[in-house]
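File shown: data-v4.pdb. Contents: PDB, C-alpha atoms.
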```pdb
ATOM      1  CA  MET H  15     112.274 161.550 112.302
ATOM      2  CA  ASN H  16     112.069 162.454 108.652
ATOM      3  CA  PRO H  17     109.044 160.663 107.080
ATOM      4  CA  THR H  18     110.831 160.168 103.750
ATOM      5  CA  ARG H  19     113.689 158.281 105.313
ATOM      6  CA  ARG H  20     113.314 154.617 106.031
ATOM      7  CA  PRO H  21     115.402 152.758 108.513
ATOM      8  CA  ILE H  22     118.009 150.455 107.042
ATOM      9  CA  PRO H  23     116.984 146.810 107.599
ATOM     10  CA  SER H  24     118.978 144.957 110.175
ATOM     11  CA  GLY H  25     121.412 142.297 109.000
ATOM     12  CA  TRP H  26     119.141 139.462 110.100
ATOM     13  CA  SER H  27     116.082 140.853 108.287
ATOM     14  CA  LEU H  28     118.083 141.280 105.128
ATOM     15  CA  LEU H  29     119.565 137.790 105.396
ATOM     16  CA  LEU H  30     116.186 136.102 106.031
ATOM     17  CA  GLY H  31     114.474 138.009 103.246
ATOM     18  CA  THR H  32     117.212 137.108 100.761
ATOM     19  CA  ALA H  33     117.164 133.449 101.848
ATOM     20  CA  ALA H  34     113.382 133.259 101.391
ATOM     21  CA  ILE H  35     113.572 134.732  97.901
ATOM     22  CA  LEU H  36     116.398 132.367  96.899
ATOM     23  CA  ALA H  37     114.671 129.298  98.386
ATOM     24  CA  LEU H  38     111.483 129.591  96.319
ATOM     25  CA  PRO H  39     113.021 128.438  93.014
ATOM     26  CA  VAL H  40     114.896 125.644  94.804
ATOM     27  CA  LEU H  41     111.687 124.357  96.412
ATOM     28  CA  PHE H  42     109.844 124.568  93.089
ATOM     29  CA  VAL H  43     112.561 122.629  91.228
ATOM     30  CA  ALA H  44     112.926 120.065  94.033
ATOM     31  CA  ASP H  45     109.210 119.321  93.948
ATOM     32  CA  HIS H  46     109.331 118.722  90.206
ATOM     33  CA  LEU H  47     112.454 116.561  90.391
ATOM     34  CA  THR H  48     111.080 114.247  93.065
ATOM     35  CA  VAL H  49     111.424 110.639  91.931
ATOM     36  CA  ARG H  50     108.058 108.965  92.010
ATOM     37  CA  ALA H  51     107.729 105.197  92.044
ATOM     38  CA  PRO H  52     106.526 103.794  88.732
ATOM     39  CA  ASP H  53     102.951 102.572  88.519
ATOM     40  CA  ILE H  54     103.479  98.811  88.463
ATOM     41  CA  THR H  55      99.986  98.177  87.126
ATOM     42  CA  ASP H  56     100.417 100.419  84.059
ATOM     43  CA  ARG H  57     100.915  98.472  80.800
ATOM     44  CA  ALA H  58     103.333 101.035  79.340
ATOM     45  CA  THR H  59     105.444 100.952  82.513
ATOM     46  CA  VAL H  60     105.508  97.139  82.497
ATOM     47  CA  ARG H  61     106.545  97.118  78.806
ATOM     48  CA  GLU H  62     109.545  99.255  79.770
ATOM     49  CA  MET H  63     110.345  97.214  82.881
ATOM     50  CA  ILE H  64     110.352  93.763  81.247
ATOM     51  CA  GLY H  65     113.413  94.613  79.195
ATOM     52  CA  PRO H  66     114.178  95.066  75.528
ATOM     53  CA  PRO H  67     111.679  93.953  72.897
ATOM     54  CA  GLY H  68     112.375  90.901  70.792
ATOM     55  CA  GLY H  69     113.463  87.467  71.771
ATOM     56  CA  ILE H  70     111.381  85.573  74.300
ATOM     57  CA  PRO H  71     108.095  87.296  75.196
ATOM     58  CA  ILE H  72     106.970  87.496  78.795
ATOM     59  CA  ALA H  73     104.018  85.297  79.729
ATOM     60  CA  LEU H  74     101.941  86.448  82.673
ATOM     61  CA  PRO H  75      98.874  85.252  84.553
ATOM     62  CA  VAL H  76      95.703  86.883  83.212
ATOM     63  CA  GLU H  77      94.545  87.275  86.837
ATOM     64  CA  LEU H  78      96.829  87.174  89.869
ATOM     65  CA  PRO H  79      96.304  84.125  92.056
ATOM     66  CA  PRO H  80      94.808  84.938  95.481
ATOM     67  CA  GLY H  81      97.223  86.573  97.911
ATOM     68  CA  TYR H  82      99.628  88.095  95.355
ATOM     69  CA  GLU H  83     100.349  91.631  94.239
ATOM     70  CA  PRO H  84     101.737  92.879  90.913
ATOM     71  CA  PRO H  85     105.508  92.549  90.586
ATOM     72  CA  ASP H  86     107.762  95.581  90.677
ATOM     73  CA  PHE H  87     111.015  93.949  89.614
ATOM     74  CA  TRP H  88     111.737  92.253  86.290
ATOM     75  CA  GLU H  89     114.875  90.606  84.895
ATOM     76  CA  HIS H  90     115.993  89.225  81.565
ATOM     77  CA  SER H  91     119.018  87.410  80.184
ATOM     78  CA  THR H  92     120.460  87.466  76.694
ATOM     79  CA  ASP H  93     122.161  84.900  74.498
ATOM     80  CA  LEU H  94     125.561  85.367  72.817
ATOM     81  CA  ASN H  95     123.875  87.359  70.028
ATOM     82  CA  GLY H  96     122.287  89.798  72.477
ATOM     83  CA  ARG H  97     118.732  88.497  72.026
ATOM     84  CA  VAL H  98     116.559  88.036  75.100
ATOM     85  CA  ASP H  99     116.474  84.301  75.849
ATOM     86  CA  ALA H 100     114.706  84.392  79.229
ATOM     87  CA  ARG H 101     112.583  86.778  81.282
ATOM     88  CA  SER H 102     111.915  86.401  84.979
ATOM     89  CA  VAL H 103     109.834  88.047  87.642
ATOM     90  CA  ALA H 104     108.943  87.562  91.296
ATOM     91  CA  PHE H 105     105.410  87.828  92.669
ATOM     92  CA  PHE H 106     105.290  88.876  96.307
ATOM     93  CA  PRO H 107     102.450  88.148  98.723
ATOM     94  CA  THR H 108     100.100  90.949  99.682
ATOM     95  CA  ALA H 109     100.603  92.368 103.178
ATOM     96  CA  GLU H 110      97.551  90.468 104.413
ATOM     97  CA  ALA H 111      98.712  87.139 102.957
ATOM     98  CA  ARG H 112     102.209  87.716 104.352
ATOM     99  CA  GLU H 113     100.791  88.362 107.836
ATOM    100  CA  ASP H 114      98.635  85.237 107.643
ATOM    101  CA  ARG H 115     101.590  83.300 106.192
ATOM    102  CA  GLN H 116      99.248  81.952 103.548
ATOM    103  CA  VAL H 117     101.618  82.202 100.595
ATOM    104  CA  ALA H 118     105.293  82.896  99.901
ATOM    105  CA  THR H 119     107.129  84.774  97.162
ATOM    106  CA  VAL H 120     106.838  83.046  93.801
ATOM    107  CA  ARG H 121     109.661  83.162  91.281
ATOM    108  CA  MET H 122     108.730  82.743  87.623
ATOM    109  CA  CYS H 123     110.958  82.397  84.561
ATOM    110  CA  VAL H 124     109.993  82.236  80.874
ATOM    111  CA  GLU H 125     112.193  80.598  78.228
ATOM    112  CA  ALA H 126     111.855  79.041  74.776
ATOM    113  CA  ASP H 127     109.866  75.810  74.833
ATOM    114  CA  SER H 128     112.165  74.191  72.267
ATOM    115  CA  ILE H 129     115.488  74.266  74.113
ATOM    116  CA  GLY H 130     114.965  71.785  76.915
ATOM    117  CA  HIS H 131     116.391  73.184  80.129
ATOM    118  CA  GLY H 132     117.621  76.594  79.120
ATOM    119  CA  PRO H 133     118.616  79.805  80.849
ATOM    120  CA  CYS H 134     115.919  79.502  83.519
ATOM    121  CA  GLY H 135     117.911  76.659  84.992
ATOM    122  CA  PHE H 136     116.796  73.926  87.258
ATOM    123  CA  GLY H 137     114.808  74.234  90.415
ATOM    124  CA  ALA H 138     113.127  71.998  92.892
ATOM    125  CA  ASN H 139     109.771  70.846  91.567
ATOM    126  CA  PRO H 140     108.513  73.889  89.620
ATOM    127  CA  VAL H 141     105.034  74.202  88.177
ATOM    128  CA  GLU H 142     105.557  74.099  84.421
ATOM    129  CA  ARG H 143     103.188  75.875  82.050
ATOM    130  CA  HIS H 144     103.260  76.386  78.270
ATOM    131  CA  VAL H 145     102.059  79.545  76.507
ATOM    132  CA  GLY H 146     102.499  79.556  72.742
ATOM    133  CA  ASN H 147     106.148  78.712  72.104
ATOM    134  CA  VAL H 148     107.399  79.527  75.616
ATOM    135  CA  ARG H 149     107.744  77.483  78.769
ATOM    136  CA  VAL H 150     106.864  79.144  82.076
ATOM    137  CA  LEU H 151     108.588  77.735  85.151
ATOM    138  CA  ILE H 152     107.079  78.738  88.493
ATOM    139  CA  TRP H 153     108.858  78.032  91.778
ATOM    140  CA  LEU H 154     106.617  77.925  94.853
ATOM    141  CA  PRO H 155     108.639  77.641  98.060
ATOM    142  CA  ASP H 156     105.595  77.275 100.317
ATOM    143  CA  HIS H 157     104.534  73.834  98.948
ATOM    144  CA  ASP H 158     100.934  74.722  99.755
ATOM    145  CA  PRO H 159      98.661  72.506  97.609
ATOM    146  CA  ASP H 160      96.021  75.232  97.144
ATOM    147  CA  ASN H 161      98.606  77.786  96.087
ATOM    148  CA  ARG H 162     100.229  75.275  93.723
ATOM    149  CA  ALA H 163      96.806  74.486  92.224
ATOM    150  CA  ALA H 164      96.109  78.216  91.730
ATOM    151  CA  TRP H 165      99.360  78.729  89.789
ATOM    152  CA  ARG H 166      98.791  75.496  87.863
ATOM    153  CA  THR H 167      95.310  76.511  86.656
ATOM    154  CA  VAL H 168      95.331  80.317  86.292
ATOM    155  CA  PRO H 169      95.208  81.281  82.584
ATOM    156  CA  PHE H 170      98.462  82.720  81.197
ATOM    157  CA  THR H 171      98.991  84.983  78.198
ATOM    158  CA  ALA H 172     101.904  86.484  76.283
ATOM    159  CA  ASP H 173      99.728  89.477  75.321
ATOM    160  CA  LEU H 174      99.988  92.278  77.897
ATOM    161  CA  ASN H 175      96.640  93.642  76.659
ATOM    162  CA  GLU H 176      94.941  90.520  78.068
ATOM    163  CA  VAL H 177      96.465  90.859  81.547
ATOM    164  CA  ARG H 178      93.567  92.097  83.695
ATOM    165  CA  TRP H 179      95.642  93.339  86.630
ATOM    166  CA  LEU H 180      97.327  95.831  84.302
ATOM    167  CA  ARG H 181      95.606  98.987  83.157
TER     168      ARG H 181
END
```
What would the structure in this file look like if it were written as structure tokens?
Amino acid sequence: MNPTRRPIPSGWSLLLGTAAILALPVLFVADHLTVRAPDITDRATVREMIGPPGGIPIALPVELPPGYEPPDFWEHSTDLNGRVDARSVAFFPTAEAREDRQVATVRMCVEADSIGHGPCGFGANPVERHVGNVRVLIWLPDHDPDNRAAWRTVPFTADLNEVRWLR
């Protein structure tokens, strides 16, 4: 055998080597394009999630009542002029509270205090709170007196900087 001559790679070796070289950029790009869940306790993320600025501000509990986790889904509605006239959110029980069946999902809607029953609609026996010029309606399907008392007494704010479960 002539030492200066190299054997020609087999078809499989060539194919595998080429595939490995071509796969590296794909793997690099795929890793950087992976969709990561937003941090639902980040103030900037929440500002984006609550909908467009202006109109009715969101009012939130300063501290979450026992057994609840930060929301990850926000909604808003607009009036005929396109201004936000209501914002709503659902607070889900923590895994532990769900297992113990201590509390149920709470639905909350915020609307202008001056319009009577507005876009938040009617519901069966909500807890009603007032924060500045907005009314906060909280629907508690579990009818647990302790849970109702927690949502009735927890301080609320329309200033996201005062919400302690956000960072």
> Got a sec: who's within 10 Å of range 103-113 of chain H, counting only C-alpha atoms, leaving out chain neighbours fewer than 5 positions off, as a PyMOL selection string?
Replying inline: chain H and resi 64+72+74+78-90+118-124+152-153
>> So the first atom is CA of Arg178 in chain H and the second is CA of His157 in chain H; what is the distance between them in Å, to one decimal place?
In response: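 Separation of CA of Arg178 in chain H and CA of His157 in chain H: 26.2 Å.
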>> Calculated over only C-alpha atoms, which of the candidates H:Gly132, H:Phe170, H:Ser91, H:Asp158 has the smallest distance to His144 in chain H?
In response: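 The closest residue to His144 in chain H is H:Phe170.
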> So how many Å separate CA of Asp114 in chain H and CA of Val60 in chain H, to one decimal?
Replying inline: 28.7 Å
>> What's the separation between CA of Val168 in chain H and CA of Arg143 in chain H, in Å to one decimal place?
In response: 10.0 Å
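With distances taken over all atoms listed in the file, H:Val141 is the one residue among H:Leu154, H:Leu180, H:Val141, H:Val148 lying closest to Arg166 in chain H.
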Axis-aligned box for range 113-132 of chain H, 3 Å per side, centre and edges in Å as JSON:
```
{"center_x": 108.1, "center_y": 80.1, "center_z": 90.1, "size_x": 25.0, "size_y": 22.6, "size_z": 41.6}
```
> For Glu142 in chain H, which residue out of H:Asn161, H:Gln116, H:Ser128, H:Thr167 is the nearest one, using only C-alpha atoms?
Replying inline: H:Thr167
>> With 10 Å as the threshold, what does the neighbourhood of (95.9, 93.4, 86.9) contain in terms of residues, counting all atoms listed in the file? Coordinates are those of the file; answer as a PyMOL selection string.
In response: chain H and resi 54-57+75-78+83-84+174+176-181
> Given the file above and the PyMOL selection byres ((chain H and resi 93) around 12), which residues are selected, and can you give them as number ranges by chain?
Replying inline: H: 69-70, 90-92, 94-101, 125-126, 132-133
> Which one of H:Asp53, H:Val117, H:Met63, H:Asn147 sits closest to Ile129 in chain H if you count only C-alpha atoms?
Replying inline: H:Asn147
